>>> print(open('input_15.csv').read())   # CSV, C-alpha atoms and all ligand atoms
chain,number,residue,atom,x,y,z
M,1,MET,CA,-24.1,8.7,-9.8
M,2,LYS,CA,-24.2,10.4,-13.2
M,3,ASN,CA,-21.5,13.0,-14.1
M,4,ILE,CA,-19.5,12.0,-11.0
M,5,ARG,CA,-16.4,13.1,-12.9
M,6,ASN,CA,-17.6,16.6,-12.9
M,7,TYR,CA,-17.9,16.8,-9.2
M,8,GLY,CA,-15.3,17.9,-6.6
M,9,ILE,CA,-12.9,15.3,-5.2
M,10,GLU,CA,-14.8,15.4,-1.8
M,11,THR,CA,-18.0,14.2,-3.5
M,12,GLN,CA,-16.1,11.7,-5.6
M,13,CYS,CA,-14.5,10.2,-2.4
M,14,VAL,CA,-17.9,9.6,-0.9
M,15,HIS,CA,-19.9,8.5,-4.0
M,16,ALA,CA,-17.6,7.3,-6.8
M,17,GLY,CA,-18.0,3.7,-7.8
M,18,LEU,CA,-21.3,2.8,-6.0
M,19,LYS,CA,-23.0,-0.1,-7.8
M,20,GLU,CA,-26.8,0.4,-7.6
M,21,THR,CA,-28.6,-2.6,-6.3
M,22,LYS,CA,-32.3,-3.5,-6.5
M,23,GLU,CA,-32.4,-3.3,-2.7
M,24,GLY,CA,-31.0,0.2,-2.8
M,25,ALA,CA,-27.9,-0.5,-0.8
M,26,VAL,CA,-26.0,2.7,0.1
M,27,VAL,CA,-22.6,1.0,-0.2
M,28,THR,CA,-21.7,-1.7,-2.6
M,29,PRO,CA,-22.2,-5.1,-0.8
M,30,ILE,CA,-19.4,-7.6,-0.5
M,31,TYR,CA,-19.9,-10.2,-3.2
M,32,GLN,CA,-17.9,-12.8,-1.3
M,33,THR,CA,-18.2,-15.5,-4.0
M,34,SER,CA,-15.5,-17.1,-6.0
M,35,THR,CA,-17.7,-17.8,-9.0
M,36,PHE,CA,-21.0,-16.9,-10.7
M,37,LYS,CA,-23.7,-19.2,-12.1
M,38,PHE,CA,-24.6,-19.0,-15.8
M,39,GLN,CA,-28.4,-19.0,-16.6
M,40,ASP,CA,-27.8,-21.8,-19.1
M,41,ALA,CA,-25.1,-23.2,-21.4
M,42,ASP,CA,-25.6,-20.5,-24.1
M,43,HIS,CA,-25.4,-17.7,-21.5
M,44,GLY,CA,-22.0,-19.2,-20.3
M,45,ALA,CA,-20.9,-19.4,-24.0
M,46,ARG,CA,-21.9,-15.7,-24.6
M,47,LEU,CA,-20.0,-14.5,-21.5
M,48,PHE,CA,-16.8,-16.4,-22.4
M,49,LYS,CA,-17.0,-15.2,-26.0
M,50,GLY,CA,-17.4,-11.6,-24.7
M,51,GLU,CA,-20.7,-11.2,-26.6
M,52,GLU,CA,-22.4,-10.3,-23.4
M,53,GLU,CA,-21.4,-8.4,-20.2
M,54,GLY,CA,-21.4,-10.4,-17.0
M,55,TYR,CA,-19.5,-12.1,-14.2
M,56,ILE,CA,-17.8,-15.4,-14.6
M,57,TYR,CA,-15.1,-15.9,-11.9
M,58,THR,CA,-13.8,-13.5,-9.2
M,59,ARG,CA,-10.2,-13.5,-10.4
M,60,MET,CA,-11.6,-12.1,-13.7
M,61,ARG,CA,-14.3,-9.8,-12.5
M,62,ASN,CA,-16.2,-9.2,-9.3
M,63,PRO,CA,-18.8,-6.4,-8.5
M,64,THR,CA,-17.2,-5.3,-5.2
M,65,VAL,CA,-13.8,-5.2,-6.8
M,66,GLU,CA,-15.1,-3.3,-9.8
M,67,ALA,CA,-16.8,-0.7,-7.6
M,68,MET,CA,-13.6,0.1,-5.8
M,69,GLU,CA,-11.7,0.1,-9.1
M,70,ASP,CA,-14.2,2.6,-10.6
M,71,ALA,CA,-13.8,4.8,-7.6
M,72,VAL,CA,-10.0,5.0,-7.8
M,73,ALA,CA,-10.1,5.5,-11.6
M,74,ILE,CA,-12.4,8.5,-11.1
M,75,LEU,CA,-10.4,9.9,-8.2
M,76,GLU,CA,-7.2,9.8,-10.2
M,77,GLY,CA,-8.9,11.2,-13.3
M,78,GLY,CA,-8.0,8.0,-15.3
M,79,ALA,CA,-10.0,5.9,-17.6
M,80,LYS,CA,-9.9,2.5,-15.9
M,81,ALA,CA,-8.2,0.9,-12.9
M,82,LEU,CA,-7.1,-2.6,-12.0
M,83,GLY,CA,-7.1,-3.7,-8.3
M,84,CYS,CA,-4.2,-5.8,-7.3
M,85,ALA,CA,-3.4,-8.0,-4.2
M,86,THR,CA,-0.6,-5.7,-3.1
M,87,GLY,CA,1.3,-2.6,-4.3
M,88,MET,CA,4.0,-4.9,-5.6
M,89,ALA,CA,1.5,-6.9,-7.6
M,90,ALA,CA,0.5,-3.7,-9.2
M,91,VAL,CA,4.1,-2.8,-10.0
M,92,HIS,CA,4.9,-6.2,-11.4
M,93,THR,CA,1.7,-6.3,-13.5
M,94,LEU,CA,2.5,-2.9,-14.9
M,95,PHE,CA,5.9,-4.0,-16.1
M,96,ALA,CA,4.6,-7.3,-17.4
M,97,ALA,CA,1.9,-5.5,-19.4
M,98,THR,CA,4.1,-2.9,-20.9
M,99,LEU,CA,7.6,-4.3,-21.3
M,100,LYS,CA,9.2,-7.2,-23.2
M,101,SER,CA,12.6,-8.8,-23.5
M,102,GLY,CA,15.2,-6.4,-24.7
M,103,ASP,CA,13.5,-3.3,-23.2
M,104,HIS,CA,15.2,-0.8,-20.9
M,105,VAL,CA,13.7,1.2,-18.0
M,106,ILE,CA,14.9,4.3,-16.3
M,107,CYS,CA,13.8,4.3,-12.6
M,108,SER,CA,14.2,6.8,-9.7
M,109,GLU,CA,17.1,5.6,-7.6
M,110,SER,CA,15.2,6.8,-4.5
M,111,CYS,CA,12.3,4.4,-4.7
M,112,TYR,CA,10.5,1.7,-2.8
M,113,GLY,CA,12.9,-1.1,-1.9
M,114,ALA,CA,10.9,-3.9,-3.4
M,115,THR,CA,10.4,-2.0,-6.7
M,116,ALA,CA,14.2,-1.5,-6.9
M,117,THR,CA,14.8,-5.2,-6.2
M,118,LEU,CA,12.2,-6.3,-8.7
M,119,LEU,CA,13.8,-4.2,-11.5
M,120,ALA,CA,17.4,-4.9,-10.5
M,121,ASN,CA,17.2,-8.7,-9.7
M,122,VAL,CA,14.1,-10.2,-11.2
M,123,MET,CA,13.3,-8.4,-14.4
M,124,PRO,CA,16.8,-9.1,-15.9
M,125,ASN,CA,15.8,-12.8,-15.9
M,126,PHE,CA,13.2,-11.8,-18.5
M,127,GLY,CA,15.6,-9.7,-20.6
M,128,ILE,CA,14.5,-6.3,-19.1
M,129,SER,CA,17.3,-4.0,-17.9
M,130,THR,CA,17.1,-0.9,-15.7
M,131,THR,CA,19.2,2.2,-15.0
M,132,PHE,CA,18.6,3.8,-11.6
M,133,VAL,CA,19.1,7.6,-11.6
M,134,ASP,CA,18.4,10.6,-9.5
M,135,THR,CA,15.2,11.5,-11.5
M,136,SER,CA,15.2,15.0,-9.8
M,137,ASN,CA,18.2,15.6,-12.1
M,138,LEU,CA,17.0,15.8,-15.7
M,139,ASP,CA,20.5,15.7,-17.2
M,140,ASP,CA,21.1,12.3,-15.4
M,141,VAL,CA,17.8,11.1,-16.9
M,142,LYS,CA,18.7,12.2,-20.4
M,143,ASN,CA,22.2,10.6,-20.1
M,144,ALA,CA,20.6,7.3,-19.1
M,145,ILE,CA,18.5,7.0,-22.3
M,146,GLN,CA,19.3,4.0,-24.5
M,147,PRO,CA,17.9,3.2,-27.9
M,148,ASN,CA,15.7,0.6,-26.2
M,149,THR,CA,14.4,2.7,-23.3
M,150,LYS,CA,10.7,2.0,-23.2
M,151,MET,CA,9.7,3.3,-19.8
M,152,ILE,CA,10.5,6.1,-17.3
M,153,TYR,CA,9.3,5.1,-13.9
M,154,ALA,CA,9.2,7.8,-11.2
M,155,GLU,CA,8.4,7.7,-7.6
M,156,THR,CA,7.9,11.2,-6.2
M,157,PRO,CA,8.4,12.1,-3.4
M,158,GLY,CA,10.9,9.2,-3.4
M,159,ASN,CA,11.2,6.7,-0.6
M,160,PRO,CA,12.9,7.3,1.9
M,161,THR,CA,14.7,10.5,1.0
M,162,LEU,CA,11.6,12.5,-0.1
M,163,ILE,CA,13.5,13.7,-3.2
M,164,ILE,CA,11.0,15.3,-5.7
M,165,SER,CA,11.1,14.8,-9.4
M,166,ASP,CA,9.6,17.1,-12.0
M,167,LEU,CA,6.7,15.1,-13.5
M,168,LYS,CA,6.0,17.4,-16.4
M,169,ALA,CA,9.6,17.5,-17.4
M,170,LEU,CA,10.0,13.7,-17.1
M,171,SER,CA,6.9,13.1,-19.2
M,172,ASN,CA,8.3,15.4,-21.9
M,173,ILE,CA,11.5,13.4,-22.0
M,174,ALA,CA,9.5,10.1,-22.2
M,175,LYS,CA,7.4,11.5,-25.0
M,176,SER,CA,10.5,12.7,-26.9
M,177,ILE,CA,11.8,9.1,-27.1
M,178,GLY,CA,8.5,7.3,-27.5
M,179,ALA,CA,8.7,5.8,-24.0
M,180,LYS,CA,5.8,5.3,-21.5
M,181,PHE,CA,5.8,7.3,-18.3
M,182,ALA,CA,4.6,5.7,-15.1
M,183,VAL,CA,4.3,7.3,-11.7
M,184,ASP,CA,4.1,5.7,-8.2
M,185,ASN,CA,1.7,8.2,-6.5
M,186,THR,CA,1.5,6.3,-3.2
M,187,PHE,CA,3.1,9.1,-1.0
M,188,MET,CA,0.7,11.8,-2.3
M,189,SER,CA,-2.6,10.2,-3.2
M,190,PRO,CA,-4.9,12.0,-5.8
M,191,VAL,CA,-5.7,14.6,-3.2
M,192,LEU,CA,-2.2,16.1,-3.3
M,193,GLN,CA,-0.8,15.1,-6.7
M,194,ARG,CA,-2.4,14.6,-10.2
M,195,PRO,CA,0.1,12.7,-12.4
M,196,PHE,CA,-2.2,12.4,-15.4
M,197,GLU,CA,-2.5,16.2,-15.5
M,198,LEU,CA,1.3,16.3,-15.6
M,199,GLY,CA,1.7,13.8,-18.5
M,200,ALA,CA,1.8,10.3,-16.9
M,201,ASP,CA,0.5,7.3,-18.9
M,202,TYR,CA,0.1,5.1,-15.8
M,203,ILE,CA,-0.3,5.6,-12.1
M,204,ILE,CA,0.3,2.9,-9.5
M,205,HIS,CA,-0.5,3.0,-5.8
M,206,SER,CA,0.2,0.8,-2.8
M,207,MET,CA,-3.4,1.2,-1.5
M,208,THR,CA,-2.0,-0.3,1.7
M,209,LYS,CA,-1.0,3.3,2.5
M,210,TYR,CA,-3.2,6.5,2.2
M,211,LEU,CA,-6.0,5.1,-0.1
M,212,ASN,CA,-7.1,2.6,2.4
M,213,GLY,CA,-5.6,4.6,5.3
M,214,HIS,CA,-6.4,2.4,8.2
M,215,ALA,CA,-3.4,0.0,8.2
M,216,ASP,CA,-5.7,-3.1,8.0
M,217,VAL,CA,-5.3,-4.1,4.3
M,218,VAL,CA,-2.5,-4.7,1.8
M,219,ALA,CA,-3.6,-3.8,-1.7
M,220,GLY,CA,-2.4,-2.1,-4.9
M,221,ILE,CA,-3.9,-0.6,-8.0
M,222,ILE,CA,-2.9,0.4,-11.6
M,223,ILE,CA,-4.7,3.3,-13.1
M,224,LEU,CA,-4.7,3.7,-16.9
M,225,LYS,CA,-5.1,7.0,-18.7
M,226,ASN,CA,-6.1,5.3,-22.0
M,227,GLU,CA,-9.1,3.1,-21.9
M,228,GLU,CA,-8.0,1.2,-25.1
M,229,GLU,CA,-5.2,-0.4,-23.1
M,230,TYR,CA,-7.6,-1.9,-20.5
M,231,PRO,CA,-8.4,-5.3,-22.1
M,232,HIS,CA,-4.7,-6.0,-22.5
M,233,PHE,CA,-3.9,-5.1,-18.9
M,234,ARG,CA,-6.9,-7.0,-17.6
M,235,LYS,CA,-5.7,-10.1,-19.5
M,236,ILE,CA,-2.2,-9.8,-18.1
M,237,LEU,CA,-3.5,-9.3,-14.5
M,238,ASN,CA,-5.9,-12.2,-14.8
M,239,HIS,CA,-3.2,-14.5,-16.0
M,240,LEU,CA,-0.5,-13.4,-13.5
M,241,GLY,CA,-3.2,-13.8,-10.9
M,242,GLY,CA,-2.3,-10.9,-8.5
M,243,THR,CA,-5.9,-9.7,-8.2
M,244,ILE,CA,-7.4,-8.1,-5.1
M,245,ASP,CA,-10.2,-10.0,-3.3
M,246,PRO,CA,-13.8,-8.6,-2.6
M,247,PHE,CA,-13.3,-8.1,1.1
M,248,ASN,CA,-10.2,-6.0,0.8
M,249,SER,CA,-11.8,-4.1,-2.0
M,250,PHE,CA,-14.7,-3.3,0.3
M,251,LEU,CA,-12.4,-2.1,3.0
M,252,VAL,CA,-10.4,0.1,0.6
M,253,HIS,CA,-13.6,1.6,-0.9
M,254,ARG,CA,-14.8,2.4,2.6
M,255,GLY,CA,-11.4,4.0,3.4
M,256,LEU,CA,-11.7,6.2,0.3
M,257,LYS,CA,-14.7,8.0,1.6
M,258,THR,CA,-12.6,9.9,4.2
M,259,LEU,CA,-9.4,10.1,2.0
M,260,LYS,CA,-9.4,13.9,1.7
M,261,LEU,CA,-10.2,14.5,5.3
M,262,ARG,CA,-7.5,12.2,6.5
M,263,VAL,CA,-4.8,13.4,4.1
M,264,LEU,CA,-5.4,17.0,4.9
M,265,GLN,CA,-5.5,16.5,8.7
M,266,GLN,CA,-2.3,14.3,8.5
M,267,GLN,CA,-0.7,17.1,6.5
M,268,GLU,CA,-1.7,19.8,9.0
M,269,ASN,CA,-0.2,17.8,11.8
M,270,ALA,CA,3.0,17.0,9.7
M,271,LYS,CA,3.6,20.7,9.0
M,272,LYS,CA,3.7,21.4,12.7
M,273,VAL,CA,5.8,18.3,13.5
M,274,ALA,CA,8.3,19.3,10.7
M,275,GLU,CA,8.5,22.8,12.0
M,276,TYR,CA,9.1,21.5,15.6
M,277,LEU,CA,11.9,19.1,14.5
M,278,ASN,CA,13.5,21.8,12.3
M,279,ASN,CA,14.0,23.9,15.4
M,280,HIS,CA,15.2,21.1,17.7
M,281,PRO,CA,18.9,21.2,18.7
M,282,LYS,CA,19.3,17.4,18.5
M,283,VAL,CA,18.1,17.3,14.9
M,284,GLU,CA,20.8,17.8,12.2
M,285,TRP,CA,18.4,18.4,9.3
M,286,VAL,CA,14.7,17.8,8.3
M,287,ARG,CA,13.6,16.8,4.8
M,288,TYR,CA,10.0,17.8,4.3
M,289,PRO,CA,8.6,19.2,1.0
M,290,GLY,CA,6.8,22.0,3.0
M,291,LEU,CA,10.1,23.4,4.3
M,292,THR,CA,12.0,26.0,2.2
M,293,SER,CA,15.2,24.0,2.9
M,294,HIS,CA,13.9,21.1,0.8
M,295,PRO,CA,16.2,20.9,-2.3
M,296,GLN,CA,13.2,20.8,-4.7
M,297,TYR,CA,10.9,23.1,-2.7
M,298,ASP,CA,10.0,25.1,-5.9
M,299,ILE,CA,9.0,22.0,-7.8
M,300,ALA,CA,7.0,20.8,-4.8
M,301,GLN,CA,5.1,24.1,-4.8
M,302,ASN,CA,4.3,23.8,-8.5
M,303,GLN,CA,3.3,20.2,-8.9
M,304,MET,CA,1.9,19.2,-5.5
M,305,LYS,CA,-1.2,20.6,-3.8
M,306,GLY,CA,0.6,20.2,-0.4
M,307,PRO,CA,3.6,18.7,1.2
M,308,GLY,CA,1.9,15.6,2.6
M,309,SER,CA,2.7,13.8,5.9
M,310,MET,CA,5.9,11.9,5.4
M,311,ILE,CA,9.0,13.5,7.1
M,312,ALA,CA,12.6,12.3,7.1
M,313,PHE,CA,15.1,13.8,9.5
M,314,GLU,CA,18.7,13.2,10.7
M,315,LEU,CA,19.4,12.9,14.4
M,316,LYS,CA,22.7,14.1,15.8
M,317,GLY,CA,24.3,11.1,17.5
M,318,GLY,CA,23.9,8.4,14.9
M,319,ILE,CA,22.7,4.8,15.6
M,320,GLU,CA,22.7,5.1,19.4
M,321,ALA,CA,20.6,8.3,19.3
M,322,GLY,CA,18.2,6.6,16.9
M,323,LYS,CA,17.8,3.7,19.3
M,324,VAL,CA,17.1,5.9,22.3
M,325,LEU,CA,14.4,7.7,20.3
M,326,MET,CA,12.8,4.4,19.1
M,327,ASN,CA,12.9,2.9,22.6
M,328,ASN,CA,11.3,5.8,24.4
M,329,ILE,CA,8.8,7.3,22.0
M,330,GLU,CA,5.2,7.1,23.0
M,331,ILE,CA,2.1,7.1,20.7
M,332,PHE,CA,4.2,6.6,17.5
M,333,GLY,CA,4.3,2.9,16.5
M,334,LEU,CA,7.7,1.4,15.7
M,335,ALA,CA,6.7,0.0,12.3
M,336,VAL,CA,7.3,0.1,8.6
M,337,SER,CA,4.5,1.2,6.3
M,338,LEU,CA,2.8,4.6,6.2
M,339,GLY,CA,-0.3,6.6,5.4
M,340,GLY,CA,-2.6,5.3,8.1
M,341,VAL,CA,-4.5,7.3,10.7
M,342,GLU,CA,-1.9,6.3,13.3
M,343,SER,CA,1.6,7.8,13.4
M,344,LEU,CA,4.5,5.5,12.8
M,345,ILE,CA,8.2,5.9,13.2
M,346,GLN,CA,11.1,4.0,11.6
M,347,HIS,CA,14.9,4.1,12.1
M,348,PRO,CA,16.4,2.3,9.1
M,349,ALA,CA,20.0,1.9,10.5
M,350,SER,CA,18.8,0.0,13.6
M,351,MET,CA,15.7,-1.5,12.1
M,352,THR,CA,14.9,-2.2,8.4
M,353,HIS,CA,18.5,-1.8,7.1
M,354,ALA,CA,20.3,-3.2,10.2
M,355,GLY,CA,21.3,-6.2,8.1
M,356,MET,CA,23.3,-4.1,5.7
M,357,SER,CA,26.9,-3.2,6.3
M,358,ALA,CA,27.7,0.4,7.3
M,359,GLU,CA,29.4,0.8,3.9
M,360,ALA,CA,26.4,-0.4,1.9
M,361,ARG,CA,24.1,1.9,3.9
M,362,LYS,CA,26.3,4.8,3.2
M,363,GLN,CA,26.1,4.0,-0.5
M,364,ALA,CA,22.3,3.9,-0.4
M,365,LYS,CA,22.4,7.3,1.4
M,366,ILE,CA,20.9,5.7,4.5
M,367,THR,CA,22.7,7.7,7.2
M,368,ASP,CA,23.0,6.4,10.8
M,369,GLY,CA,20.7,9.0,12.3
M,370,LEU,CA,18.0,8.9,9.6
M,371,VAL,CA,14.5,8.6,10.9
M,372,ARG,CA,11.3,8.5,8.9
M,373,ILE,CA,7.9,9.3,10.3
M,374,SER,CA,4.4,9.0,8.9
M,375,VAL,CA,2.3,11.5,10.7
M,376,GLY,CA,-1.3,10.4,11.6
M,377,ILE,CA,-4.4,12.2,12.7
M,378,GLU,CA,-3.8,12.2,16.5
M,379,ASN,CA,-3.7,15.4,18.5
M,380,VAL,CA,-0.7,17.2,17.2
M,381,ASN,CA,0.4,18.5,20.6
M,382,ASP,CA,0.4,14.9,21.9
M,383,LEU,CA,2.6,14.0,19.0
M,384,ILE,CA,5.1,16.8,19.6
M,385,ASN,CA,5.2,16.1,23.3
M,386,ALA,CA,5.9,12.5,22.6
M,387,LEU,CA,8.9,13.5,20.4
M,388,ASP,CA,10.0,16.1,22.9
M,389,LYS,CA,10.1,13.6,25.8
M,390,ALA,CA,12.0,11.0,23.8
M,391,LEU,CA,14.4,13.5,22.2
M,392,ALA,CA,15.3,14.8,25.7
M,393,LEU,CA,16.7,11.4,26.7
M,394,ILE,CA,19.3,11.5,23.9
M,401,LIG,C1,4.5,0.3,0.2
M,401,LIG,C2,4.9,0.8,-1.1
M,401,LIG,C3,4.9,0.0,-2.2
M,401,LIG,C4,4.6,-1.5,-2.2
M,401,LIG,O1,3.2,-1.7,-1.8
M,401,LIG,P1,2.8,-3.1,-1.0
M,401,LIG,O2,1.3,-2.8,-0.8
M,401,LIG,O3,3.6,-3.2,0.3
M,401,LIG,O4,3.1,-4.2,-1.9
M,401,LIG,C5,5.2,0.5,-3.4
M,401,LIG,N1,5.6,1.9,-3.5
M,401,LIG,C6,5.6,2.7,-2.4
M,401,LIG,C7,5.9,4.1,-2.6
M,401,LIG,C8,5.2,2.1,-1.2
M,401,LIG,O5,5.2,3.0,-0.1
>>> encode(input="input_15.csv", output="structure tokens", more="lines below")
Ligand SMILES: *Cc1c(COP(=O)(O)O)cnc(C)c1O
Amino acid sequence: MKNIRNYGIETQCVHAGLKETKEGAVVTPIYQTSTFKFQDADHGARLFKGEEEGYIYTRMRNPTVEAMEDAVAILEGGAKALGCATGMAAVHTLFAATLKSGDHVICSESCYGATATLLANVMPNFGISTTFVDTSNLDDVKNAIQPNTKMIYAETPGNPTLIISDLKALSNIAKSIGAKFAVDNTFMSPVLQRPFELGADYIIHSMTKYLNGHADVVAGIIILKNEEEYPHFRKILNHLGGTIDPFNSFLVHRGLKTLKLRVLQQQENAKKVAEYLNNHPKVEWVRYPGLTSHPQYDIAQNQMKGPGSMIAFELKGGIEAGKVLMNNIEIFGLAVSLGGVESLIQHPASMTHAGMSAEARKQAKITDGLVRISVGIENVNDLINALDKALALI
């Protein structure tokens, strides 16, 4: 569709990226092929030399993948996008394409666990160091700057604390020192947060979450603001090999059509669930960007179009109370991940972080009663009743 960038996000969700076919297919078909035939030897030579546009091999380029990449680039208001096998493949490819030995990164301390592990334990093997700071505190960010700081990497709202960092302010700090600014926009999606409009150079997503939205795919993506960087990123991704496959691209592209409907309905439900939890006597506190009690409520109001559908809360009664809730809750699935149409619930102290010592959990601000929920599109009264029944047993 011509001028798709000028249309509203609802129209972009439905139409962006479609590859017109001679058969007139309304959605881009799944090109489930590993490789593409050349017309003759010279044609193959021209494609490899880059003298002619065309498809060679699916790791390098595939029409179904490209359609989905175009759609996400348009939705985020970026120039180009690179589909990756997982969110972590996107994070790694971003670092590999932008950093070199001797460089330093400043990263949000409240970020996805595997991102933190990659930066803390793997990247040092390649000469890249990282300082983790509370990126909601700009003085801490400034104090972490080194002469070799080449990237500020922010996840906001951060996982699992939902701490919010001021993207515009971080982008200004990055600019002032000539560093790049990357944002993990997974928790918000382009429906609720527009990092390029706030100064980001790169956006990454775990498309496993809201973009696909149906909990049936793992996938990631890097979106570039600057088209000139695309050939370099494409080369790095092709050589690292973490590309997405055509079938998963098709599923994500299908999920994108309902992105706005899903995200807004999940958010409507989450607002009510957060309100309910906030008034519950067995809940110590609720962390949700839509509640005035959120420490960065004002920043949330300014830079986000809505509070989203992730809620963290602290149960009175610690680990045992958490277990009672987990073992008795209906509808909510006991599972990690988030952003799908189904509601999920997670108690780090008895589940994902049970292997950590109590001391280490405390250090990581994972309190014993901390519960994280991803609110889905079910009937909100059913969700509240499910919480009510399980909380009554504590
Ligand atoms: C899930 C997630 C990732 C990693 O994505 P995968 O698809 O699991 O590899 C990165 N960042 C955030 C914020 C996530 O929630």
>>> residues_near_ligand(input="input_15.csv", ligand="ligand LIG 401 (chain M)", cutoff="7 Å", atoms="all atoms listed in the file", output="list of chain:residue names")
M:Thr86, M:Gly87, M:Met88, M:Ala89, M:Cys111, M:Tyr112, M:Ala114, M:Thr115, M:Glu155, M:Asn159, M:Asp184, M:Thr186, M:Phe187, M:His205, M:Ser206, M:Met207, M:Thr208, M:Lys209, M:Val218, M:Ala219, M:Gly220, M:Ser337, M:Leu338
>>> closest_atom_pairs(input="input_15.csv", of="stretch 254-274 of chain M", to="stretch 13-16 of chain M", cutoff="9 Å", atoms="only C-alpha atoms", output="JSON lines")
{"residue": "M:Arg254", "atom": "CA", "partner": "M:Val14", "partner_atom": "CA", "distance": 8.6}
{"residue": "M:Leu256", "atom": "CA", "partner": "M:Cys13", "partner_atom": "CA", "distance": 5.6}
{"residue": "M:Lys257", "atom": "CA", "partner": "M:Val14", "partner_atom": "CA", "distance": 4.4}
{"residue": "M:Thr258", "atom": "CA", "partner": "M:Cys13", "partner_atom": "CA", "distance": 6.9}
{"residue": "M:Leu259", "atom": "CA", "partner": "M:Cys13", "partner_atom": "CA", "distance": 6.7}
{"residue": "M:Lys260", "atom": "CA", "partner": "M:Cys13", "partner_atom": "CA", "distance": 7.5}
>>> closest_residue(input="input_15.csv", among="M:Val336, M:Val263, M:Ile164, M:Ile345", to="M:Leu387", atoms="all atoms listed in the file")
M:Ile345
>>> atom_distance(input="input_15.csv", atom1="atom CA of M:Lys168", atom2="atom CA of M:Phe181")
10.3 Å
>>> closest_residue(input="input_15.csv", among="M:Lys305, M:Lys365, M:Lys22, M:Lys80", to="M:Gln193", atoms="all atoms listed in the file")
M:Lys305
>>> closest_residue(input="input_15.csv", among="M:Ala354, M:Leu167, M:Ala274, M:Ala90", to="M:Thr292", atoms="only C-alpha atoms")
M:Ala274
>>> residues_around(input="input_15.csv", residues="stretch 268-273 of chain M", least_positions_apart="6", cutoff="9 Å", atoms="only C-alpha atoms", output="PyMOL selection string")
chain M and resi 288+290-291+307-311+374-381+383-384+387
>>> residues_around(input="input_15.csv", residues="M:Lys142", least_positions_apart="4", cutoff="12 Å", atoms="all atoms listed in the file", output="ChimeraX atom specification")
/M:106,131,133-138,146-147,149,152,169-174,176-177
>>> write_last_selection(input="input_15.csv", atoms="C-alpha atoms", output="PDB file, in the frame of the given file")
ATOM      1  CA  ILE M 106      14.900   4.300 -16.300  1.00  0.00           C
ATOM      2  CA  THR M 131      19.200   2.200 -15.000  1.00  0.00           C
ATOM      3  CA  VAL M 133      19.100   7.600 -11.600  1.00  0.00           C
ATOM      4  CA  ASP M 134      18.400  10.600  -9.500  1.00  0.00           C
ATOM      5  CA  THR M 135      15.200  11.500 -11.500  1.00  0.00           C
ATOM      6  CA  SER M 136      15.200  15.000  -9.800  1.00  0.00           C
ATOM      7  CA  ASN M 137      18.200  15.600 -12.100  1.00  0.00           C
ATOM      8  CA  LEU M 138      17.000  15.800 -15.700  1.00  0.00           C
ATOM      9  CA  GLN M 146      19.300   4.000 -24.500  1.00  0.00           C
ATOM     10  CA  PRO M 147      17.900   3.200 -27.900  1.00  0.00           C
ATOM     11  CA  THR M 149      14.400   2.700 -23.300  1.00  0.00           C
ATOM     12  CA  ILE M 152      10.500   6.100 -17.300  1.00  0.00           C
ATOM     13  CA  ALA M 169       9.600  17.500 -17.400  1.00  0.00           C
ATOM     14  CA  LEU M 170      10.000  13.700 -17.100  1.00  0.00           C
ATOM     15  CA  SER M 171       6.900  13.100 -19.200  1.00  0.00           C
ATOM     16  CA  ASN M 172       8.300  15.400 -21.900  1.00  0.00           C
ATOM     17  CA  ILE M 173      11.500  13.400 -22.000  1.00  0.00           C
ATOM     18  CA  ALA M 174       9.500  10.100 -22.200  1.00  0.00           C
ATOM     19  CA  SER M 176      10.500  12.700 -26.900  1.00  0.00           C
ATOM     20  CA  ILE M 177      11.800   9.100 -27.100  1.00  0.00           C
TER      21      ILE M 177
END
>>> closest_atom_pairs(input="input_15.csv", of="stretch 72-110 of chain M", to="stretch 123-126 of chain M", cutoff="9 Å", atoms="all atoms listed in the file", output="Markdown table")
| residue | atom | partner | partner_atom | distance |
| --- | --- | --- | --- | --- |
| M:Phe95 | CA | M:Met123 | CA | 8.8 |
| M:Lys100 | CA | M:Phe126 | CA | 7.7 |
| M:Ser101 | CA | M:Phe126 | CA | 5.9 |
| M:Gly102 | CA | M:Phe126 | CA | 8.5 |
>>> residues_near_point(input="input_15.csv", point="(14.9, 2.4, 6.9)", cutoff="9 Å", atoms="all atoms listed in the file", output="list in words")
Pro160, Val336, Gln346, His347, Pro348, Ala349, Ser350, Met351, Thr352, His353, Ala354, Ile366, Leu370, Val371 and Arg372 of chain M
>>> atom_distance(input="input_15.csv", atom1="atom CA of M:Val217", atom2="atom CA of M:Ile203")
19.7 Å
>>> atom_distance(input="input_15.csv", atom1="atom CA of M:Glu314", atom2="atom CA of M:Pro281")
11.3 Å
>>> closest_residue(input="input_15.csv", among="M:Ile236, M:Pro190, M:Lys49, M:Ala392", to="M:Ala96", atoms="all atoms listed in the file")
M:Ile236
>>> residues_around(input="input_15.csv", residues="M:Glu76", least_positions_apart="4", cutoff="10 Å", atoms="all atoms listed in the file", output="NGL selection string")
:M and (9 or 71-72 or 80-81 or 185 or 189-191 or 193-197 or 203 or 223-225)
